[in-house]
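entry-v1.cif (mmCIF, C-alpha atoms)
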```
data_input
loop_
_atom_site.group_PDB
_atom_site.id
_atom_site.type_symbol
_atom_site.label_atom_id
_atom_site.label_comp_id
_atom_site.auth_asym_id
_atom_site.auth_seq_id
_atom_site.Cartn_x
_atom_site.Cartn_y
_atom_site.Cartn_z
ATOM 1 C CA MET I 49 -2.190 -28.769 -1.695
ATOM 2 C CA ARG I 50 -1.798 -27.855 -5.359
ATOM 3 C CA ASP I 51 -5.552 -27.407 -5.761
ATOM 4 C CA TRP I 52 -6.000 -24.865 -3.000
ATOM 5 C CA MET I 53 -2.765 -23.142 -3.948
ATOM 6 C CA SER I 54 -4.016 -22.748 -7.525
ATOM 7 C CA VAL I 55 -7.296 -21.281 -6.292
ATOM 8 C CA LEU I 56 -5.501 -18.821 -4.032
ATOM 9 C CA LEU I 57 -3.184 -17.760 -6.837
ATOM 10 C CA LEU I 58 -6.106 -17.196 -9.218
ATOM 11 C CA LEU I 59 -7.919 -15.119 -6.603
ATOM 12 C CA HIS I 60 -4.722 -13.206 -5.892
ATOM 13 C CA ILE I 61 -4.132 -12.409 -9.566
ATOM 14 C CA ALA I 62 -7.756 -11.428 -10.194
ATOM 15 C CA ALA I 63 -7.787 -9.164 -7.141
ATOM 16 C CA GLY I 64 -4.510 -7.633 -8.289
ATOM 17 C CA PHE I 65 -6.023 -6.584 -11.615
ATOM 18 C CA VAL I 66 -9.101 -5.164 -9.883
ATOM 19 C CA ALA I 67 -6.963 -3.224 -7.394
ATOM 20 C CA LEU I 68 -4.746 -1.884 -10.171
ATOM 21 C CA ALA I 69 -7.674 -0.658 -12.257
ATOM 22 C CA SER I 70 -9.800 0.728 -9.416
ATOM 23 C CA GLY I 71 -6.870 2.412 -7.675
ATOM 24 C CA TYR I 72 -5.900 4.506 -10.671
ATOM 25 C CA LEU I 73 -9.555 5.070 -11.561
ATOM 26 C CA ALA I 74 -10.233 6.502 -8.097
ATOM 27 C CA ALA I 75 -7.236 8.836 -8.437
ATOM 28 C CA LEU I 76 -8.257 9.887 -11.964
ATOM 29 C CA ILE I 77 -11.814 10.650 -10.842
ATOM 30 C CA LYS I 78 -10.476 12.749 -7.960
ATOM 31 C CA ILE I 79 -8.115 14.700 -10.221
ATOM 32 C CA SER I 80 -10.726 15.268 -12.945
ATOM 33 C CA GLY I 81 -13.337 16.519 -10.488
ATOM 34 C CA LEU I 82 -16.058 14.057 -11.479
ATOM 35 C CA ALA I 83 -18.891 13.151 -9.122
ATOM 36 C CA HIS I 84 -17.539 12.218 -5.693
ATOM 37 C CA ARG I 85 -19.710 9.095 -5.479
ATOM 38 C CA TRP I 86 -17.722 7.497 -8.328
ATOM 39 C CA HIS I 87 -14.507 8.148 -6.433
ATOM 40 C CA VAL I 88 -16.040 6.470 -3.375
ATOM 41 C CA ILE I 89 -17.199 3.435 -5.367
ATOM 42 C CA ALA I 90 -13.783 2.997 -6.997
ATOM 43 C CA GLY I 91 -12.076 3.420 -3.620
ATOM 44 C CA ARG I 92 -14.267 0.790 -1.981
ATOM 45 C CA LEU I 93 -13.580 -1.619 -4.817
ATOM 46 C CA PHE I 94 -9.849 -0.970 -4.445
ATOM 47 C CA PHE I 95 -9.899 -1.663 -0.712
ATOM 48 C CA ALA I 96 -11.957 -4.844 -1.150
ATOM 49 C CA ALA I 97 -9.456 -6.073 -3.731
ATOM 50 C CA MET I 98 -6.548 -5.265 -1.399
ATOM 51 C CA VAL I 99 -8.187 -7.319 1.346
ATOM 52 C CA VAL I 100 -8.381 -10.303 -1.031
ATOM 53 C CA ILE I 101 -4.768 -9.760 -2.087
ATOM 54 C CA PHE I 102 -3.643 -9.756 1.540
ATOM 55 C CA CYS I 103 -5.714 -12.789 2.550
ATOM 56 C CA THR I 104 -4.380 -14.830 -0.377
ATOM 57 C CA ALA I 105 -0.761 -13.626 -0.211
ATOM 58 C CA ILE I 106 -0.260 -14.635 3.425
ATOM 59 C CA PRO I 107 -0.957 -18.391 3.064
ATOM 60 C CA VAL I 108 0.824 -18.554 -0.300
ATOM 61 C CA SER I 109 3.951 -16.831 1.038
ATOM 62 C CA LEU I 110 3.997 -19.028 4.131
ATOM 63 C CA ALA I 111 3.498 -22.226 2.139
ATOM 64 C CA THR I 112 6.284 -21.314 -0.292
ATOM 65 C CA GLN I 113 8.467 -19.723 2.416
ATOM 66 C CA ASN I 114 8.599 -16.532 0.372
ATOM 67 C CA HIS I 115 9.492 -14.052 3.110
ATOM 68 C CA PHE I 116 9.856 -11.227 0.619
ATOM 69 C CA LEU I 117 6.247 -11.629 -0.539
ATOM 70 C CA LEU I 118 5.049 -11.918 3.053
ATOM 71 C CA LEU I 119 6.594 -8.605 4.113
ATOM 72 C CA ILE I 120 5.448 -6.774 0.976
ATOM 73 C CA ALA I 121 1.905 -8.114 1.488
ATOM 74 C CA ILE I 122 1.811 -6.767 5.049
ATOM 75 C CA PHE I 123 3.268 -3.441 3.937
ATOM 76 C CA SER I 124 0.745 -3.084 1.088
ATOM 77 C CA PHE I 125 -2.229 -3.960 3.271
ATOM 78 C CA TYR I 126 -1.141 -1.459 5.909
ATOM 79 C CA LEU I 127 -1.263 1.280 3.269
ATOM 80 C CA ALA I 128 -4.737 0.311 2.059
ATOM 81 C CA LEU I 129 -6.092 -0.151 5.588
ATOM 82 C CA SER I 130 -4.732 3.222 6.670
ATOM 83 C CA GLY I 131 -6.215 4.957 3.635
ATOM 84 C CA TRP I 132 -9.557 3.295 4.272
ATOM 85 C CA SER I 133 -9.470 4.232 7.970
ATOM 86 C CA TYR I 134 -8.769 7.890 7.235
ATOM 87 C CA ALA I 135 -11.664 7.934 4.779
ATOM 88 C CA ARG I 136 -14.122 6.335 7.192
ATOM 89 C CA ASN I 137 -13.134 8.152 10.371
ATOM 90 C CA ARG I 138 -14.485 11.633 9.686
ATOM 91 C CA SER I 139 -14.191 12.712 13.315
ATOM 92 C CA GLY I 140 -10.505 11.864 13.332
ATOM 93 C CA GLU I 141 -10.673 10.404 16.818
ATOM 94 C CA PRO I 142 -8.135 7.527 17.049
ATOM 95 C CA SER I 143 -9.200 3.976 17.871
ATOM 96 C CA LEU I 144 -7.347 0.934 19.152
ATOM 97 C CA THR I 145 -7.248 -0.354 15.579
ATOM 98 C CA ASP I 146 -5.424 2.815 14.527
ATOM 99 C CA TRP I 147 -2.835 2.299 17.258
ATOM 100 C CA GLY I 148 -2.422 -1.339 16.286
ATOM 101 C CA ARG I 149 -1.930 -0.786 12.569
ATOM 102 C CA ALA I 150 0.565 2.073 13.051
ATOM 103 C CA ALA I 151 2.630 0.333 15.727
ATOM 104 C CA GLY I 152 2.491 -2.900 13.757
ATOM 105 C CA MET I 153 3.850 -1.190 10.646
ATOM 106 C CA VAL I 154 6.756 0.329 12.563
ATOM 107 C CA ALA I 155 7.601 -3.121 13.951
ATOM 108 C CA VAL I 156 7.331 -4.736 10.505
ATOM 109 C CA ALA I 157 9.491 -1.960 9.014
ATOM 110 C CA ILE I 158 12.274 -2.905 11.428
ATOM 111 C CA VAL I 159 12.002 -6.522 10.282
ATOM 112 C CA MET I 160 11.986 -5.376 6.649
ATOM 113 C CA ALA I 161 15.153 -3.354 7.198
ATOM 114 C CA GLY I 162 16.898 -6.336 8.755
ATOM 115 C CA PHE I 163 15.773 -8.618 5.944
ATOM 116 C CA GLY I 164 16.873 -6.073 3.350
ATOM 117 C CA ALA I 165 20.335 -5.928 4.893
ATOM 118 C CA PHE I 166 20.422 -9.735 4.888
ATOM 119 C CA LEU I 167 19.520 -9.892 1.186
ATOM 120 C CA LEU I 168 22.230 -7.378 0.316
ATOM 121 C CA SER I 169 24.772 -9.380 2.288
ATOM 122 C CA ARG I 170 23.885 -12.332 0.037
ATOM 123 C CA GLY I 171 24.317 -10.243 -3.111
ATOM 124 C CA ASN I 172 20.574 -9.978 -3.789
ATOM 125 C CA SER I 173 19.739 -6.549 -5.244
ATOM 126 C CA ASN I 174 16.153 -6.818 -3.991
ATOM 127 C CA GLY I 175 17.627 -5.940 -0.620
ATOM 128 C CA ILE I 176 17.660 -2.346 -1.880
ATOM 129 C CA THR I 177 13.943 -2.536 -2.571
ATOM 130 C CA MET I 178 13.246 -3.962 0.861
ATOM 131 C CA LEU I 179 15.302 -1.238 2.553
ATOM 132 C CA VAL I 180 13.503 1.517 0.614
ATOM 133 C CA PHE I 181 10.083 0.076 1.448
ATOM 134 C CA ALA I 182 11.165 -0.346 5.062
ATOM 135 C CA GLY I 183 12.008 3.354 5.160
ATOM 136 C CA ILE I 184 8.695 4.318 3.574
ATOM 137 C CA GLY I 185 6.644 2.006 5.788
ATOM 138 C CA GLY I 186 8.495 2.998 8.925
ATOM 139 C CA GLY I 187 8.158 6.687 8.125
ATOM 140 C CA LEU I 188 4.445 6.459 7.391
ATOM 141 C CA GLY I 189 3.838 4.285 10.453
ATOM 142 C CA TYR I 190 5.752 6.686 12.702
ATOM 143 C CA ARG I 191 3.817 9.621 11.248
ATOM 144 C CA ASP I 192 0.584 7.745 11.944
ATOM 145 C CA LEU I 193 1.647 7.194 15.553
ATOM 146 C CA ARG I 194 2.364 10.890 15.996
ATOM 147 C CA ILE I 195 -1.021 11.805 14.521
ATOM 148 C CA ILE I 196 -2.813 9.282 16.718
ATOM 149 C CA ARG I 197 -0.942 10.403 19.829
ATOM 150 C CA SER I 198 -1.890 14.028 19.153
ATOM 151 C CA GLY I 199 -5.572 13.122 18.970
ATOM 152 C CA GLY I 200 -6.016 12.441 15.253
ATOM 153 C CA VAL I 201 -6.662 14.638 12.238
ATOM 154 C CA SER I 202 -9.740 16.019 10.511
ATOM 155 C CA GLY I 203 -10.605 18.254 7.570
ATOM 156 C CA VAL I 204 -8.082 18.613 4.765
ATOM 157 C CA GLU I 205 -5.358 16.871 6.768
ATOM 158 C CA ARG I 206 -7.513 13.756 7.063
ATOM 159 C CA ILE I 207 -8.318 13.798 3.350
ATOM 160 C CA GLY I 208 -4.640 14.304 2.541
ATOM 161 C CA ARG I 209 -3.629 11.311 4.633
ATOM 162 C CA HIS I 210 -6.376 9.239 3.007
ATOM 163 C CA LEU I 211 -5.169 10.036 -0.503
ATOM 164 C CA THR I 212 -1.518 9.553 0.435
ATOM 165 C CA MET I 213 -2.117 6.084 1.848
ATOM 166 C CA MET I 214 -4.443 4.958 -0.929
ATOM 167 C CA LEU I 215 -2.065 6.096 -3.660
ATOM 168 C CA ALA I 216 0.830 4.465 -1.831
ATOM 169 C CA GLY I 217 -1.190 1.256 -1.832
ATOM 170 C CA THR I 218 -1.744 1.692 -5.567
ATOM 171 C CA ILE I 219 2.017 2.050 -5.984
ATOM 172 C CA ALA I 220 2.493 -1.252 -4.183
ATOM 173 C CA THR I 221 -0.051 -2.937 -6.466
ATOM 174 C CA THR I 222 1.631 -1.519 -9.565
ATOM 175 C CA THR I 223 4.997 -2.695 -8.300
ATOM 176 C CA ALA I 224 3.760 -6.245 -7.846
ATOM 177 C CA PHE I 225 2.249 -6.245 -11.351
ATOM 178 C CA LEU I 226 5.489 -5.060 -12.961
ATOM 179 C CA VAL I 227 7.665 -7.503 -11.054
ATOM 180 C CA VAL I 228 5.559 -10.441 -12.221
ATOM 181 C CA ASN I 229 5.312 -9.327 -15.851
ATOM 182 C CA VAL I 230 8.535 -7.412 -16.570
ATOM 183 C CA ASP I 231 11.902 -9.159 -16.742
ATOM 184 C CA PHE I 232 14.598 -6.560 -16.171
ATOM 185 C CA GLU I 233 17.912 -6.380 -14.360
ATOM 186 C CA PRO I 234 18.744 -5.061 -11.873
ATOM 187 C CA ALA I 235 15.376 -6.085 -10.430
ATOM 188 C CA TYR I 236 15.198 -3.251 -7.905
ATOM 189 C CA ILE I 237 14.707 -0.719 -10.736
ATOM 190 C CA VAL I 238 11.389 -2.354 -11.639
ATOM 191 C CA TRP I 239 10.427 -2.553 -7.964
ATOM 192 C CA LEU I 240 11.124 1.122 -7.307
ATOM 193 C CA ALA I 241 9.983 2.689 -10.610
ATOM 194 C CA PRO I 242 6.297 3.078 -9.566
ATOM 195 C CA THR I 243 7.362 4.756 -6.317
ATOM 196 C CA VAL I 244 9.533 7.254 -8.180
ATOM 197 C CA LEU I 245 6.841 8.009 -10.789
ATOM 198 C CA VAL I 246 3.697 8.161 -8.641
ATOM 199 C CA THR I 247 5.056 9.838 -5.493
ATOM 200 C CA PRO I 248 5.138 13.285 -7.169
ATOM 201 C CA ILE I 249 1.417 12.861 -7.925
ATOM 202 C CA ILE I 250 0.798 12.376 -4.205
ATOM 203 C CA PHE I 251 2.526 15.676 -3.434
ATOM 204 C CA VAL I 252 0.603 17.488 -6.175
ATOM 205 C CA MET I 253 -2.765 16.169 -4.980
ATOM 206 C CA ASN I 254 -2.000 17.091 -1.366
ATOM 207 C CA SER I 255 -1.041 20.607 -2.468
ATOM 208 C CA ARG I 256 -4.308 20.967 -4.402
ATOM 209 C CA ILE I 257 -6.322 19.822 -1.394
ATOM 210 C CA ARG I 258 -4.668 22.366 0.889
ATOM 211 C CA ARG I 259 -5.128 25.206 -1.618
ATOM 212 C CA SER I 260 -8.823 24.393 -2.034
ATOM 213 C CA ALA I 261 -9.472 24.395 1.730
#
```

Represent the structure of the file as structure tokens.
Amino acid sequence: MRDWMSVLLLLHIAAGFVALASGYLAALIKISGLAHRWHVIAGRLFFAAMVVIFCTAIPVSLATQNHFLLLIAIFSFYLALSGWSYARNRSGEPSLTDWGRAAGMVAVAIVMAGFGAFLLSRGNSNGITMLVFAGIGGGLGYRDLRIIRSGGVSGVERIGRHLTMMLAGTIATTTAFLVVNVDFEPAYIVWLAPTVLVTPIIFVMNSRIRRSA
């Protein structure tokens, strides 16, 4: 068991570094106005790394009974998958996969909220983090459901949703990196710092997209 666990952890860590670098690179290329193809390449690399992160985090979290990691892994992958879907689906017409990912995130957000409340009841400050992420995931999932129910989005709205989800996924990757490498109390400050710092960038980029339309 130790052998395969070690392999999974190495893959998980390597994919985490790739996702971290490619995620911010894709955003930087978009902001700087460099050739679009480089943004696409960096974005594809980011999504591929997020797939590896998800596929390695699930068995590791189940084997170690780390429910916190399990829920964060699902939440992070939802963000990356949504961003990828908005990029690929130029027509904006919803698919069954779109329905599944959005409804699934809303359901998982409810579980996250319950788990966050449980952690707080045990005096674990990470319950705050889980509740915040539950609110973010639930809100984004609900917004996705409304978009899908209305027939989807196209044009600048589609691009805006793509960037929002991809950057949110980058936030999740940054959060995981900091939690592993930074020892600070209370822990929820480290967990939430990337969200507080990067979220304004999401709003700025969305505003620029709408103004350029």

Matched chain/residue IDs from the PyMOL selection byres ((chain I and resi 207-215) around 9), as a PyMOL selection string: chain I and resi 71-72+75+91+94-95+126-135+188+201-206+216-220+246-247+249-251+253-255+257-258

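From atom CA of Leu179 of chain I back to atom CA of Gly164 of chain I, the distance works out to 5.1 Å.
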
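The space separating atom CA of Ala161 of chain I from atom CA of Thr221 of chain I comes to 20.4 Å.
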
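Between Phe116 of chain I and the residues I:Ile196, I:Leu68, I:Met153, I:Val159, the shortest atom-to-atom distance, using all atoms listed in the file, involves I:Val159.
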
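Across the model, the gap from atom CA of Asn229 of chain I to atom CA of Leu57 of chain I is 15.0 Å.
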
Ground truth for the PyMOL selection byres ((chain I and resi 174) around 12), written as a ChimeraX atom specification: /I:116-117,120,160-161,163-173,175-181,227,233-240

Can I get the selected residues back with C-alpha atoms, as a PDB file, keeping the file's coordinate frame?
```pdb
ATOM      1  CA  PHE I 116       9.856 -11.227   0.619  1.00  0.00           C
ATOM      2  CA  LEU I 117       6.247 -11.629  -0.539  1.00  0.00           C
ATOM      3  CA  ILE I 120       5.448  -6.774   0.976  1.00  0.00           C
ATOM      4  CA  MET I 160      11.986  -5.376   6.649  1.00  0.00           C
ATOM      5  CA  ALA I 161      15.153  -3.354   7.198  1.00  0.00           C
ATOM      6  CA  PHE I 163      15.773  -8.618   5.944  1.00  0.00           C
ATOM      7  CA  GLY I 164      16.873  -6.073   3.350  1.00  0.00           C
ATOM      8  CA  ALA I 165      20.335  -5.928   4.893  1.00  0.00           C
ATOM      9  CA  PHE I 166      20.422  -9.735   4.888  1.00  0.00           C
ATOM     10  CA  LEU I 167      19.520  -9.892   1.186  1.00  0.00           C
ATOM     11  CA  LEU I 168      22.230  -7.378   0.316  1.00  0.00           C
ATOM     12  CA  SER I 169      24.772  -9.380   2.288  1.00  0.00           C
ATOM     13  CA  ARG I 170      23.885 -12.332   0.037  1.00  0.00           C
ATOM     14  CA  GLY I 171      24.317 -10.243  -3.111  1.00  0.00           C
ATOM     15  CA  ASN I 172      20.574  -9.978  -3.789  1.00  0.00           C
ATOM     16  CA  SER I 173      19.739  -6.549  -5.244  1.00  0.00           C
ATOM     17  CA  GLY I 175      17.627  -5.940  -0.620  1.00  0.00           C
ATOM     18  CA  ILE I 176      17.660  -2.346  -1.880  1.00  0.00           C
ATOM     19  CA  THR I 177      13.943  -2.536  -2.571  1.00  0.00           C
ATOM     20  CA  MET I 178      13.246  -3.962   0.861  1.00  0.00           C
ATOM     21  CA  LEU I 179      15.302  -1.238   2.553  1.00  0.00           C
ATOM     22  CA  VAL I 180      13.503   1.517   0.614  1.00  0.00           C
ATOM     23  CA  PHE I 181      10.083   0.076   1.448  1.00  0.00           C
ATOM     24  CA  VAL I 227       7.665  -7.503 -11.054  1.00  0.00           C
ATOM     25  CA  GLU I 233      17.912  -6.380 -14.360  1.00  0.00           C
ATOM     26  CA  PRO I 234      18.744  -5.061 -11.873  1.00  0.00           C
ATOM     27  CA  ALA I 235      15.376  -6.085 -10.430  1.00  0.00           C
ATOM     28  CA  TYR I 236      15.198  -3.251  -7.905  1.00  0.00           C
ATOM     29  CA  ILE I 237      14.707  -0.719 -10.736  1.00  0.00           C
ATOM     30  CA  VAL I 238      11.389  -2.354 -11.639  1.00  0.00           C
ATOM     31  CA  TRP I 239      10.427  -2.553  -7.964  1.00  0.00           C
ATOM     32  CA  LEU I 240      11.124   1.122  -7.307  1.00  0.00           C
TER      33      LEU I 240
END
```

My list of candidates is I:Gly199, I:Val55, I:Thr223, I:Pro242. Which is closest to Ser139 of chain I when distances are computed with all atoms listed in the file? I:Gly199

Which centre and edge lengths in Å to one decimal define the box along x, y and z that fits every listed atom of segment 111-128 of chain I plus 8 Å per side, as AutoDock Vina command-line options?
```
--center_x 2.6 --center_y -10.5 --center_z 2.7 --size_x 30.6 --size_y 39.5 --size_z 22.4
```

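For the choices I:Ala83, I:Leu59, I:Val108, I:Met98, the atom-to-atom distance to Phe125 of chain I is smallest for I:Met98 when using only C-alpha atoms.
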
List as a PyMOL selection string the protein and nucleic acid residues near Pro107 of chain I, meaning an atom at most 9 Å away when all atoms listed in the file are counted, but skip any in the same chain fewer than 6 places from it. chain I and resi 53+56+118

Surrounding residues of Trp147 of chain I excluding itself and chain neighbours under 4 positions, 12 Å, all atoms listed in the file, as a list in words: Ser130, Ser133, Glu141, Pro142, Ser143, Ala151, Gly152, Met153, Val154, Gly189, Tyr190, Arg191, Asp192, Leu193, Arg194, Ile195, Ile196, Arg197, Ser198, Gly199 and Gly200 of chain I

Identify which of the residues I:Val244, I:Ala74, I:Val100, I:Ala150 lies closest to Val88 of chain I, counting only C-alpha atoms when measuring atom-to-atom distances. I:Ala74

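With distances restricted to only C-alpha atoms, I:Leu58 is the closest residue to Thr104 of chain I from I:Ile89, I:Leu58, I:Leu245, I:Ala155.
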
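Nearest residue to Val99 of chain I, choosing from I:Leu82, I:Ile77, I:Ala63, I:Ala111 and counting only C-alpha atoms: I:Ala63.
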